[in-house]
$ cat protein_6.cif   # mmCIF, C-alpha atoms and all ligand atoms
data_coords
#
loop_
_atom_site.label_atom_id
_atom_site.label_comp_id
_atom_site.auth_asym_id
_atom_site.auth_seq_id
_atom_site.Cartn_x
_atom_site.Cartn_y
_atom_site.Cartn_z
CA MET A 69 19.34 -41.74 238.61
CA LYS A 70 17.52 -44.55 240.42
CA LYS A 71 15.77 -44.79 243.76
CA ASN A 72 15.65 -48.10 245.55
CA ILE A 73 12.28 -49.70 246.14
CA MET A 74 12.24 -52.88 248.20
CA LEU A 75 9.44 -55.39 247.78
CA MET A 76 11.15 -58.23 249.54
CA ALA A 77 10.29 -61.53 251.16
CA GLY A 78 12.75 -60.62 253.92
CA PRO A 79 14.72 -58.86 255.09
CA THR A 80 12.12 -56.23 254.26
CA ALA A 81 12.71 -52.47 254.09
CA ILE A 82 13.30 -50.76 257.44
CA PRO A 83 11.32 -47.56 258.11
CA GLU A 84 13.42 -44.38 258.52
CA ARG A 85 11.93 -43.89 261.99
CA GLU A 86 13.38 -47.25 263.01
CA ILE A 87 16.78 -46.47 261.47
CA LYS A 88 16.84 -43.27 263.57
CA ALA A 89 15.94 -45.20 266.73
CA MET A 90 18.89 -47.55 266.16
CA ASP A 91 21.33 -44.69 265.44
CA ARG A 92 22.60 -44.32 269.02
CA GLN A 93 25.16 -45.50 271.55
CA VAL A 94 24.47 -49.04 272.77
CA PRO A 95 22.47 -49.19 276.02
CA PHE A 96 23.41 -51.66 278.75
CA HIS A 97 20.94 -54.52 278.47
CA ARG A 98 20.34 -54.58 282.25
CA SER A 99 19.64 -50.84 282.41
CA LYS A 100 16.21 -49.42 283.29
CA GLU A 101 16.13 -47.77 279.87
CA PHE A 102 16.51 -51.08 278.00
CA GLU A 103 14.10 -52.78 280.40
CA ASP A 104 11.48 -50.19 279.41
CA ILE A 105 12.15 -50.84 275.70
CA THR A 106 11.74 -54.59 276.25
CA LYS A 107 8.54 -54.14 278.26
CA GLU A 108 7.06 -51.85 275.60
CA LEU A 109 7.96 -54.30 272.83
CA ASN A 110 6.54 -57.28 274.73
CA ALA A 111 3.26 -55.46 275.40
CA ASN A 112 2.88 -54.40 271.77
CA LEU A 113 3.71 -57.86 270.45
CA LYS A 114 0.73 -59.21 272.41
CA LYS A 115 -1.51 -56.85 270.43
CA VAL A 116 -0.01 -58.03 267.15
CA PHE A 117 -0.36 -61.72 268.09
CA LYS A 118 -3.82 -61.01 269.58
CA THR A 119 -3.01 -62.91 272.75
CA LYS A 120 -3.07 -62.68 276.53
CA GLU A 121 0.01 -64.93 276.68
CA GLU A 122 3.61 -63.70 276.90
CA VAL A 123 5.35 -63.22 273.56
CA MET A 124 9.01 -64.01 274.07
CA VAL A 125 11.75 -62.23 272.15
CA LEU A 126 14.72 -64.45 271.36
CA THR A 127 18.09 -63.57 269.92
CA GLY A 128 18.48 -65.43 266.65
CA SER A 129 16.44 -65.61 263.46
CA GLY A 130 13.11 -67.35 262.93
CA THR A 131 14.90 -70.68 262.65
CA ALA A 132 16.05 -70.28 266.27
CA ALA A 133 12.43 -69.86 267.34
CA MET A 134 11.53 -72.95 265.31
CA GLU A 135 14.25 -74.83 267.20
CA ALA A 136 12.97 -73.45 270.52
CA ALA A 137 9.50 -74.77 269.69
CA VAL A 138 10.84 -78.29 269.11
CA GLN A 139 13.28 -78.35 272.07
CA ASN A 140 10.83 -76.95 274.62
CA CYS A 141 7.53 -78.60 273.76
CA PHE A 142 8.48 -82.14 272.72
CA SER A 143 10.51 -85.20 273.67
CA ALA A 144 12.44 -87.70 271.55
CA GLY A 145 10.08 -90.28 270.05
CA ASP A 146 7.02 -87.99 270.13
CA GLU A 147 4.71 -88.54 267.17
CA VAL A 148 4.23 -85.34 265.18
CA ILE A 149 2.80 -84.46 261.78
CA VAL A 150 4.45 -81.85 259.54
CA ALA A 151 2.78 -80.50 256.41
CA VAL A 152 5.56 -79.98 253.87
CA LEU A 153 4.61 -77.35 251.30
CA GLY A 154 8.05 -75.99 250.43
CA VAL A 155 11.54 -75.32 251.74
CA PHE A 156 10.53 -73.68 255.03
CA SER A 157 7.94 -76.22 256.14
CA ALA A 158 10.41 -78.95 255.10
CA ARG A 159 12.87 -77.32 257.53
CA MET A 160 10.39 -77.90 260.39
CA ALA A 161 10.21 -81.59 259.46
CA SER A 162 14.02 -81.91 259.23
CA MET A 163 14.47 -80.12 262.53
CA ALA A 164 11.95 -82.32 264.33
CA GLU A 165 13.70 -85.38 262.88
CA ALA A 166 17.10 -84.03 263.99
CA TYR A 167 15.75 -83.97 267.57
CA GLY A 168 14.55 -87.58 267.31
CA LEU A 169 10.82 -86.90 266.97
CA ASN A 170 8.80 -89.47 265.07
CA VAL A 171 7.72 -87.36 262.08
CA THR A 172 4.95 -88.08 259.59
CA ARG A 173 5.44 -85.77 256.61
CA ILE A 174 2.44 -84.83 254.49
CA THR A 175 4.14 -83.53 251.38
CA LYS A 176 2.23 -81.51 248.82
CA PRO A 177 3.34 -80.44 245.34
CA ASN A 178 4.76 -76.90 245.06
CA GLY A 179 1.98 -74.30 244.90
CA GLU A 180 -0.56 -76.29 246.93
CA VAL A 181 -1.71 -76.11 250.55
CA VAL A 182 -2.68 -78.88 252.90
CA THR A 183 -6.28 -79.24 254.02
CA VAL A 184 -7.52 -79.92 257.53
CA ASP A 185 -9.02 -83.24 256.40
CA GLU A 186 -5.70 -84.42 254.95
CA VAL A 187 -3.98 -83.72 258.26
CA MET A 188 -6.74 -84.99 260.55
CA ALA A 189 -6.68 -88.33 258.71
CA HIS A 190 -3.24 -88.86 260.30
CA VAL A 191 -4.01 -87.53 263.81
CA THR A 192 -4.35 -90.23 266.48
CA GLU A 193 -4.52 -90.12 270.27
CA ASN A 194 -0.71 -90.43 270.24
CA THR A 195 -0.15 -87.36 268.08
CA LYS A 196 1.75 -84.79 270.15
CA GLY A 197 2.03 -82.03 267.56
CA VAL A 198 0.92 -80.77 264.16
CA PHE A 199 3.30 -78.35 262.44
CA ILE A 200 1.75 -76.04 259.84
CA VAL A 201 3.38 -73.15 258.04
CA HIS A 202 1.01 -70.17 257.97
CA ASN A 203 2.56 -68.69 254.85
CA GLU A 204 5.00 -70.83 252.87
CA SER A 205 7.34 -68.13 251.54
CA ALA A 206 9.04 -70.54 249.14
CA THR A 207 5.94 -71.26 247.08
CA GLY A 208 3.56 -68.39 247.96
CA VAL A 209 0.67 -70.21 249.59
CA THR A 210 -1.24 -69.53 252.83
CA CYS A 211 -2.83 -72.16 255.08
CA ASP A 212 -6.09 -71.73 256.97
CA ILE A 213 -4.68 -71.71 260.50
CA GLN A 214 -8.04 -70.90 262.08
CA ALA A 215 -9.48 -74.14 260.65
CA PHE A 216 -6.52 -76.17 261.97
CA GLY A 217 -6.98 -74.61 265.41
CA GLU A 218 -10.64 -75.52 265.44
CA ALA A 219 -9.91 -79.11 264.44
CA LEU A 220 -7.08 -79.65 266.93
CA LYS A 221 -8.23 -77.69 269.98
CA ASP A 222 -9.79 -80.66 271.79
CA THR A 223 -7.08 -83.17 270.86
CA GLY A 224 -3.83 -83.89 272.67
CA ALA A 225 -1.83 -82.42 269.79
CA LEU A 226 -0.22 -78.98 269.85
CA LEU A 227 -0.78 -76.77 266.81
CA VAL A 228 2.67 -75.36 266.00
CA VAL A 229 2.60 -72.52 263.47
CA ASP A 230 5.46 -70.96 261.55
CA THR A 231 4.09 -67.49 260.84
CA VAL A 232 7.48 -66.03 259.90
CA SER A 233 6.08 -64.34 256.77
CA GLY A 234 2.49 -64.19 257.99
CA ILE A 235 2.05 -62.22 261.19
CA GLY A 236 2.05 -58.46 260.64
CA ALA A 237 0.70 -58.86 257.09
CA LEU A 238 -1.94 -61.59 257.14
CA GLU A 239 -4.82 -62.04 259.52
CA PHE A 240 -3.72 -63.91 262.65
CA ALA A 241 -5.32 -64.38 266.08
CA PHE A 242 -3.30 -66.56 268.45
CA ASP A 243 -5.92 -66.93 271.21
CA ASP A 244 -9.13 -67.02 269.16
CA TRP A 245 -7.71 -69.46 266.64
CA HIS A 246 -6.48 -71.88 269.38
CA VAL A 247 -2.88 -71.81 268.20
CA ASP A 248 -0.49 -73.45 270.69
CA VAL A 249 2.91 -72.31 269.44
CA ALA A 250 3.54 -69.52 266.94
CA PHE A 251 6.86 -68.03 265.95
CA ALA A 252 8.16 -65.36 263.57
CA SER A 253 11.29 -63.39 262.70
CA SER A 254 11.92 -59.67 263.15
CA GLN A 255 12.89 -59.05 259.53
CA LYS A 256 9.67 -59.88 257.68
CA ALA A 257 6.27 -58.24 258.06
CA LEU A 258 7.26 -56.93 261.50
CA MET A 259 9.69 -54.60 259.65
CA GLY A 260 12.50 -55.08 262.16
CA ALA A 261 16.21 -55.42 261.62
CA PRO A 262 17.33 -59.07 261.39
CA GLY A 263 18.56 -60.68 264.61
CA THR A 264 15.52 -61.41 266.74
CA ALA A 265 12.70 -63.92 266.70
CA VAL A 266 9.40 -63.94 268.56
CA ILE A 267 7.50 -66.91 269.94
CA CYS A 268 4.27 -67.40 271.86
CA LEU A 269 2.95 -70.47 273.71
CA SER A 270 -0.61 -71.32 274.81
CA GLN A 271 -1.34 -72.78 278.26
CA LYS A 272 -1.65 -76.19 276.59
CA ALA A 273 1.87 -75.74 275.18
CA TRP A 274 3.27 -74.60 278.56
CA LYS A 275 1.92 -77.87 280.03
CA ALA A 276 3.85 -79.77 277.36
CA VAL A 277 6.98 -77.81 278.34
CA GLU A 278 6.71 -79.34 281.83
CA THR A 279 7.06 -82.87 280.43
CA SER A 280 9.51 -82.18 277.58
CA THR A 281 12.78 -84.04 278.06
CA LEU A 282 14.79 -82.71 275.11
CA PRO A 283 17.95 -80.80 276.10
CA LYS A 284 17.55 -77.03 276.08
CA PHE A 285 19.73 -74.22 277.34
CA TYR A 286 20.23 -71.05 275.24
CA LEU A 287 16.66 -71.25 273.94
CA ASP A 288 15.05 -72.38 277.22
CA LEU A 289 11.60 -70.78 276.95
CA LYS A 290 10.78 -71.01 280.67
CA LEU A 291 13.82 -68.87 281.28
CA ALA A 292 12.93 -66.51 278.41
CA LYS A 293 9.43 -66.06 279.87
CA GLU A 294 10.66 -65.54 283.43
CA PHE A 295 13.13 -62.86 282.29
CA GLY A 296 10.76 -61.38 279.68
CA GLU A 297 8.07 -60.71 282.29
CA LYS A 298 10.59 -58.45 284.07
CA GLY A 299 11.63 -56.70 280.83
CA GLN A 300 14.83 -58.72 280.79
CA HIS A 301 16.58 -61.33 278.65
CA PRO A 302 18.52 -64.32 280.02
CA TRP A 303 21.63 -63.52 277.95
CA THR A 304 23.06 -60.48 276.16
CA PRO A 305 20.38 -59.98 273.49
CA ALA A 306 20.63 -58.50 269.97
CA ILE A 307 20.19 -55.03 271.48
CA TYR A 308 20.05 -53.00 268.24
CA SER A 309 17.65 -55.44 266.61
CA ILE A 310 15.38 -55.19 269.66
CA ILE A 311 15.49 -51.38 269.63
CA GLY A 312 14.58 -51.47 265.94
CA LEU A 313 11.84 -54.04 266.40
CA ASN A 314 10.35 -52.03 269.25
CA GLU A 315 10.03 -49.03 266.94
CA SER A 316 8.55 -50.98 264.02
CA VAL A 317 6.08 -52.89 266.18
CA LYS A 318 5.07 -49.56 267.72
CA MET A 319 4.36 -48.32 264.18
CA ILE A 320 2.19 -51.40 263.53
CA VAL A 321 0.23 -50.81 266.74
CA GLU A 322 -0.17 -47.09 265.92
CA GLU A 323 -1.57 -47.94 262.46
CA GLY A 324 -3.63 -50.75 264.04
CA ILE A 325 -2.87 -54.38 263.19
CA ASP A 326 -6.20 -54.81 261.35
CA ASN A 327 -5.45 -51.74 259.22
CA VAL A 328 -1.97 -53.07 258.45
CA VAL A 329 -3.54 -56.33 257.24
CA LYS A 330 -6.03 -54.35 255.10
CA ARG A 331 -3.21 -52.29 253.59
CA ASN A 332 -1.28 -55.42 252.75
CA ASP A 333 -4.41 -56.94 251.16
CA LYS A 334 -4.89 -53.88 249.00
CA LEU A 335 -1.24 -53.81 247.89
CA SER A 336 -1.33 -57.52 247.08
CA LYS A 337 -4.46 -57.02 244.98
CA MET A 338 -2.74 -54.19 243.08
CA VAL A 339 0.26 -56.42 242.35
CA VAL A 340 -1.82 -59.42 241.26
CA GLU A 341 -4.14 -57.38 239.04
CA GLY A 342 -1.22 -55.46 237.55
CA MET A 343 0.69 -58.63 236.73
CA GLU A 344 -2.41 -60.28 235.27
CA LYS A 345 -2.71 -57.33 232.88
CA LEU A 346 0.85 -58.06 231.78
CA GLY A 347 -0.06 -61.72 231.20
CA ILE A 348 1.71 -63.07 234.30
CA HIS A 349 -0.20 -65.28 236.71
CA LEU A 350 0.05 -66.44 240.30
CA PHE A 351 2.03 -69.62 240.92
CA ALA A 352 -0.43 -70.98 243.52
CA LYS A 353 -2.61 -73.69 242.06
CA ASP A 354 -5.71 -71.96 243.41
CA PRO A 355 -5.75 -68.16 243.87
CA SER A 356 -8.02 -68.52 246.93
CA TYR A 357 -4.97 -69.59 248.98
CA ALA A 358 -2.29 -67.55 247.18
CA SER A 359 -0.04 -65.69 249.62
CA LYS A 360 -0.81 -61.99 249.97
CA SER A 361 2.46 -61.19 251.73
CA VAL A 362 4.89 -63.04 249.43
CA ASN A 363 3.05 -62.77 246.11
CA THR A 364 4.54 -65.51 243.94
CA PHE A 365 4.22 -65.60 240.15
CA ALA A 366 5.09 -68.12 237.44
CA TYR A 367 7.31 -66.73 234.68
CA ASP A 368 9.87 -68.58 232.60
CA LYS A 369 12.17 -65.53 232.48
CA SER A 370 12.06 -64.90 236.23
CA PRO A 371 15.83 -64.59 236.93
CA GLN A 372 16.30 -62.07 234.09
CA PHE A 373 13.17 -60.20 235.16
CA VAL A 374 14.36 -59.92 238.78
CA SER A 375 17.88 -58.76 237.87
CA LYS A 376 16.77 -56.26 235.21
CA LEU A 377 14.22 -54.72 237.59
CA ALA A 378 16.99 -54.12 240.15
CA GLU A 379 19.72 -53.06 237.73
CA GLU A 380 17.65 -50.81 235.45
CA TYR A 381 14.97 -49.49 237.82
CA GLY A 382 16.27 -50.01 241.37
CA VAL A 383 13.26 -52.17 242.20
CA GLN A 384 14.23 -55.13 244.35
CA ILE A 385 11.98 -58.17 244.34
CA TYR A 386 12.90 -61.76 245.19
CA ASN A 387 13.95 -64.67 243.03
CA GLY A 388 12.10 -67.95 243.27
CA GLN A 389 13.34 -70.28 245.99
CA ALA A 390 15.42 -73.43 245.43
CA ASP A 391 13.97 -75.55 242.59
CA LEU A 392 11.59 -72.70 241.70
CA TYR A 393 14.46 -70.25 241.05
CA ASN A 394 14.16 -70.25 237.26
CA THR A 395 10.39 -70.39 236.97
CA THR A 396 8.97 -68.09 239.65
CA PHE A 397 9.57 -64.68 241.23
CA ARG A 398 8.24 -63.23 244.48
CA VAL A 399 6.97 -59.74 245.26
CA GLY A 400 6.79 -58.90 248.95
CA THR A 401 4.01 -56.51 249.88
CA MET A 402 4.49 -56.99 253.63
CA GLY A 403 6.05 -54.39 255.89
CA TYR A 404 7.10 -50.89 254.94
CA VAL A 405 5.38 -50.77 251.55
CA CYS A 406 2.83 -48.31 250.18
CA GLU A 407 0.75 -47.84 247.02
CA THR A 408 3.31 -45.64 245.28
CA ASP A 409 5.95 -48.39 245.68
CA ILE A 410 3.60 -50.80 243.92
CA ALA A 411 2.81 -48.29 241.17
CA ALA A 412 6.55 -47.86 240.57
CA PHE A 413 7.07 -51.63 240.53
CA LEU A 414 4.26 -52.13 238.01
CA TYR A 415 5.63 -49.40 235.75
CA ALA A 416 9.13 -50.93 235.84
CA ALA A 417 7.73 -54.46 235.41
CA GLU A 418 5.87 -53.43 232.27
CA GLN A 419 9.03 -51.97 230.70
CA VAL A 420 11.19 -54.98 231.62
CA ILE A 421 8.66 -57.54 230.41
CA LYS A 422 8.34 -55.69 227.06
CA GLU A 423 12.12 -55.72 226.75
CA LEU A 424 12.36 -59.44 227.59
CA GLU A 425 9.53 -60.49 225.30
CA GLU A 426 10.79 -58.35 222.41
CA GLY A 427 14.23 -59.89 222.84
CA ASP A 428 12.61 -63.23 221.98
CA LYS A 429 11.22 -62.05 218.63
C1 LIG B 501 8.05 -69.27 256.28
C2 LIG B 501 9.44 -69.15 256.79
N1 LIG B 501 9.82 -69.92 257.80
C3 LIG B 501 11.05 -69.85 258.32
C4 LIG B 501 11.99 -68.98 257.80
C5 LIG B 501 13.34 -68.92 258.41
O1 LIG B 501 13.47 -67.72 259.08
P1 LIG B 501 14.92 -67.07 259.37
O2 LIG B 501 15.54 -66.86 258.02
O3 LIG B 501 14.57 -65.81 260.09
O4 LIG B 501 15.65 -68.04 260.18
C6 LIG B 501 11.65 -68.16 256.73
C7 LIG B 501 12.63 -67.23 256.14
O5 LIG B 501 12.49 -66.75 255.04
C8 LIG B 501 10.34 -68.24 256.21
O6 LIG B 501 9.96 -67.46 255.20
#
$ encode --input "protein_6.cif" --output "structure tokens" --more "lines below"
Ligand SMILES: Cc1ncc(COP(=O)(O)O)c(C=O)c1O
Amino acid sequence: MKKNIMLMAGPTAIPEREIKAMDRQVPFHRSKEFEDITKELNANLKKVFKTKEEVMVLTGSGTAAMEAAVQNCFSAGDEVIVAVLGVFSARMASMAEAYGLNVTRITKPNGEVVTVDEVMAHVTENTKGVFIVHNESATGVTCDIQAFGEALKDTGALLVVDTVSGIGALEFAFDDWHVDVAFASSQKALMGAPGTAVICLSQKAWKAVETSTLPKFYLDLKLAKEFGEKGQHPWTPAIYSIIGLNESVKMIVEEGIDNVVKRNDKLSKMVVEGMEKLGIHLFAKDPSYASKSVNTFAYDKSPQFVSKLAEEYGVQIYNGQADLYNTTFRVGTMGYVCETDIAAFLYAAEQVIKELEEGDK
């Protein structure tokens, strides 16, 4: 007999309380009942983002919110800088290029972050945006968004942050850190069912929206804000995903966002220390910036390790991404994860590693 334990980089495990909330007949999305759900979710998301601004809920995954950021805040030909640290930050660069922005890529080797100085060396008075991934889920590194905010706040450039696998697990403060655009998906640290994305814009970013000339329709953020303020959505939204996300974000607010971050920190420490004892080390070049939500390790038997953990012990972790598939694995501590899940993972990991290493003898 096996019990499933999910330590995923997304979709993450969904709390039973959320599953119960979604187990119902579909409400009409223009009803008062759904309006109340939307209003509650929007208010709680502000607490999670630590902002006074509206947080808009879009139907679509995090990539849709990324697209909304580009379409709504920029125009073709705009000069932007994108730090490319892995697959997901590379997607921001490709998307900006697809919309005709003039993109300078700062590409770092896998397992490294970009520093503020490296980026600021490219910022000029013509720079309209700087795109930084908060937590690069593909390589397991975390950028210092607060430092980027400080450096960019008095420039003409918008700080656009992909915090898809950051917010809800790692420290984040939209207003205090002077972030201009931040977006995330429901199915990561926010513990929601896949299908919705969230995005927040500063006043500086809303000004840029006024001059943006790129075409926008489904993901028009002015429309999303206007409707969102009334507890509405412009189109038929992903109703079940929103009901689920409302419940999970309520859980985060009940626990307190700072306590959630502390819990994630503690779980990450348990995983890292446990793996070190088994002779397996973080992939990040410097542990000071290693991701604490998508803990990424270097191991030359990663694919076998990941599949044996699932098949023999019911413990689901993530394979490495793209070109890191064979040499890394990822352990998600974000979301609906507690100490006993980690203890079970470490027990199973020890057995599987013994098996794999003995097989080599
Ligand atoms: C850092 C990061 N950005 C963007 C995405 C894309 O999000 P989605 O799959 O919700 O479109 C992901 C998904 O894993 C991610 O981890």
$ residues_near_ligand --input "protein_6.cif" --ligand "ligand LIG 501 (chain B)" --cutoff "8 Å" --atoms "all atoms listed in the file" --output "MDAnalysis selection string"
chainID A and resid 77:78 128:132 134 156:157 159 201:206 230:234 252:256 262:263 265
$ atom_distance --input "protein_6.cif" --atom1 "CA of Glu121 in chain A" --atom2 "CA of Trp274 in chain A"
10.4 Å
$ atom_distance --input "protein_6.cif" --atom1 "CA of Lys369 in chain A" --atom2 "CA of Glu423 in chain A"
11.4 Å
$ atom_distance --input "protein_6.cif" --atom1 "CA of Met124 in chain A" --atom2 "CA of Pro95 in chain A"
20.1 Å
$ closest_residue --input "protein_6.cif" --among "A:Lys176, A:Gly224, A:Thr106, A:Arg98" --to "Glu147 in chain A" --atoms "all atoms listed in the file"
A:Gly224
$ closest_residue --input "protein_6.cif" --among "A:Val383, A:Ser270, A:Ser359, A:Tyr393" --to "Pro371 in chain A" --atoms "all atoms listed in the file"
A:Tyr393
$ residues_near_point --input "protein_6.cif" --point "(17.7, -57.1, 235.6)" --cutoff "12 Å" --atoms "all atoms listed in the file" --output "number ranges by chain"
A: 369-387, 416-417, 419-421, 423-424
$ axis_aligned_box --input "protein_6.cif" --around "range 74-88 of chain A" --padding-each-side "8 Å" --output "lines of an AutoDock Vina configuration file"
center_x = 13.1
center_y = -52.4
center_z = 255.7
size_x = 23.4
size_y = 34.3
size_z = 31.8
$ closest_residue --input "protein_6.cif" --among "A:Phe351, A:Phe242, A:Phe199, A:Phe285" --to "Glu122 in chain A" --atoms "only C-alpha atoms"
A:Phe242
$ closest_residue --input "protein_6.cif" --among "A:Val148, A:Met259, A:Ile200, A:Ala215" --to "Tyr167 in chain A" --atoms "all atoms listed in the file"
A:Val148
$ closest_residue --input "protein_6.cif" --among "A:Glu103, A:Asp333, A:Asp428, A:Asp248" --to "Met402 in chain A" --atoms "only C-alpha atoms"
A:Asp333
$ residues_near_point --input "protein_6.cif" --point "(14.1, -48.2, 273.1)" --cutoff "10 Å" --atoms "only C-alpha atoms" --output "PyMOL selection string"
chain A and resi 89-90+95+101-109+307-308+310-315
$ residues_around --input "protein_6.cif" --residues "range 219-223 of chain A" --least-positions-apart "6" --cutoff "8 Å" --atoms "all atoms listed in the file" --output "PyMOL selection string"
chain A and resi 184+188+193+246
